[in-house]
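Data block below; observations after.
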Amino acid sequence: MPHGDRGRRVHLDTAGLGRMPAAARAQLTEWTRHEDRHGPYEVDEHVHHVVRPELDARLAALLGAPAGDTVLATGAADAFAALVPRLALGPGDRIWTTPYEGVANLTVLTALRDRARCRLEVVPLRPDGDLDLEWMAAHIDDDVALVSVAHVPAGCGIVTPVEDIGRILAPHRCLYAVDASYAVGQLPVDAGRIGCQLLTGDGWRFLRGPESVGFACLAPELRQALAPCGTGLLAPPEGASVVALNAALAVAEDAGPAGGLAAVVRTAVQETPGAELIAPGRVQCGIVTFRHAEMPAGLLRRALAARGVVVGKTVAQQTPLYSPGRKATAAVRVSVHHDNSAWDAARFAEALREALAGRGRHAVPTAVRAAAPAPAAVAGGAVAAPAAGLRAVCAGSVAGARGVPAAGVPRPRRTAGRRHLALVSAPAPDGTA
């Protein structure tokens, strides 16, 4: 590659925070300054009369839903946390989640289970890592009140067949929630074809809007179920962020797909001695996750950054019911977008070789395809309802679904900074950490 290109920074962390288009950044700057000088009322009027009609139309086209079905929030996790706990579930109901559920939504489901005294069950995985749709079809009944699925999880690039799941659930009375935070903007997301009643997403990942703005798409059935409470409890995002998201979506309308760049990145990882690709399931997207036998993920991420290649890091606690292969807690996450180029993928491969020069003598598997035993392990399914919150959910779900000991499963703690949950170790039964 040309020597002069080495100074160019390569951004391969869109799953963490997308690069905002220049037009969106200009709008965010302009309206933030306007609010600072003139107060929030003029910004709110501009958003209400000018921006929201455009944004609602763009979101409707993006999500395959009527414009009136979409509401804004400060993020997908915040929308889920504001809406789902208000569902009227009871002791006879069941909730289904999956091993790929994110910790924020899992925390909400745990609290709902404890309050409603219902059951929380984990859909098993096939040996290849895909969700067991045959199990779902065989065990679905009208006592399943809520099914929560991540279209693409935070920790790897598997694509969940959300439309197939929707067809299984359609004849039954359950509400279907899909977290599209890591899917929307890189994959087709059509709420109508999926058949879900709640679809949530973040604006700052593959949609490349500003942080702290997201959305929820609510079908009429969910609005009816929430009628006693409404959706007024959703915290609205700041006006300037809404303007910037609208500008980012305007750019995204003309964007093409990422093409085969993820495949190039995946091949580079597979050809690296000592690298272990985390790629469960049969269908992958633009997120490539891996770890190395001799270099911790954080150190490798920093080594790539020092060479001008920005990637992310994912930790096992982000999806606490799924921990593939060896007991590693972190992995490198590379995510490509349509604004990346073949040069970016080639530069990543070169930087990876440079960062690992002299390492990689120990052979490890080149891919983690499956992380669960036979699906029959959770045929019983029910997660007991003890008092220990997320630790109890993980204990019951992991031990039942995957045969993994439950000791030391972490519990959630909200951290400062960006809106997300981190985890700390839960105390052992004797009170020790």
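Identifiers for the structure tokens are assigned positionally: chains receive A, B, ... in sequence, residues are indexed from 1 per chain, and ligands are indexed from 1 in the order shown.
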Quick one: residues within 7 Å of His292 of chain A, only C-alpha atoms counted, chain neighbours fewer than 6 positions away excluded, as a list in words? Gly274, Ala275 and Glu276 of chain A
Excluding same-chain residues fewer than 2 positions from segment 337-344 of chain A, what lies within 12 Å of it counting only C-alpha atoms, as number ranges by chain? A: 1-2, 5-6, 8-21, 182-187, 205-208, 251-265, 285-288, 308-311, 334-335, 346-351
Given only C-alpha atoms as the basis, pick out the residue of A:Ala345, A:Ala177, A:Leu112, A:Ala240 nearest to His34 of chain A.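 Of all the options, A:Ala240 lies closest to His34 of chain A.
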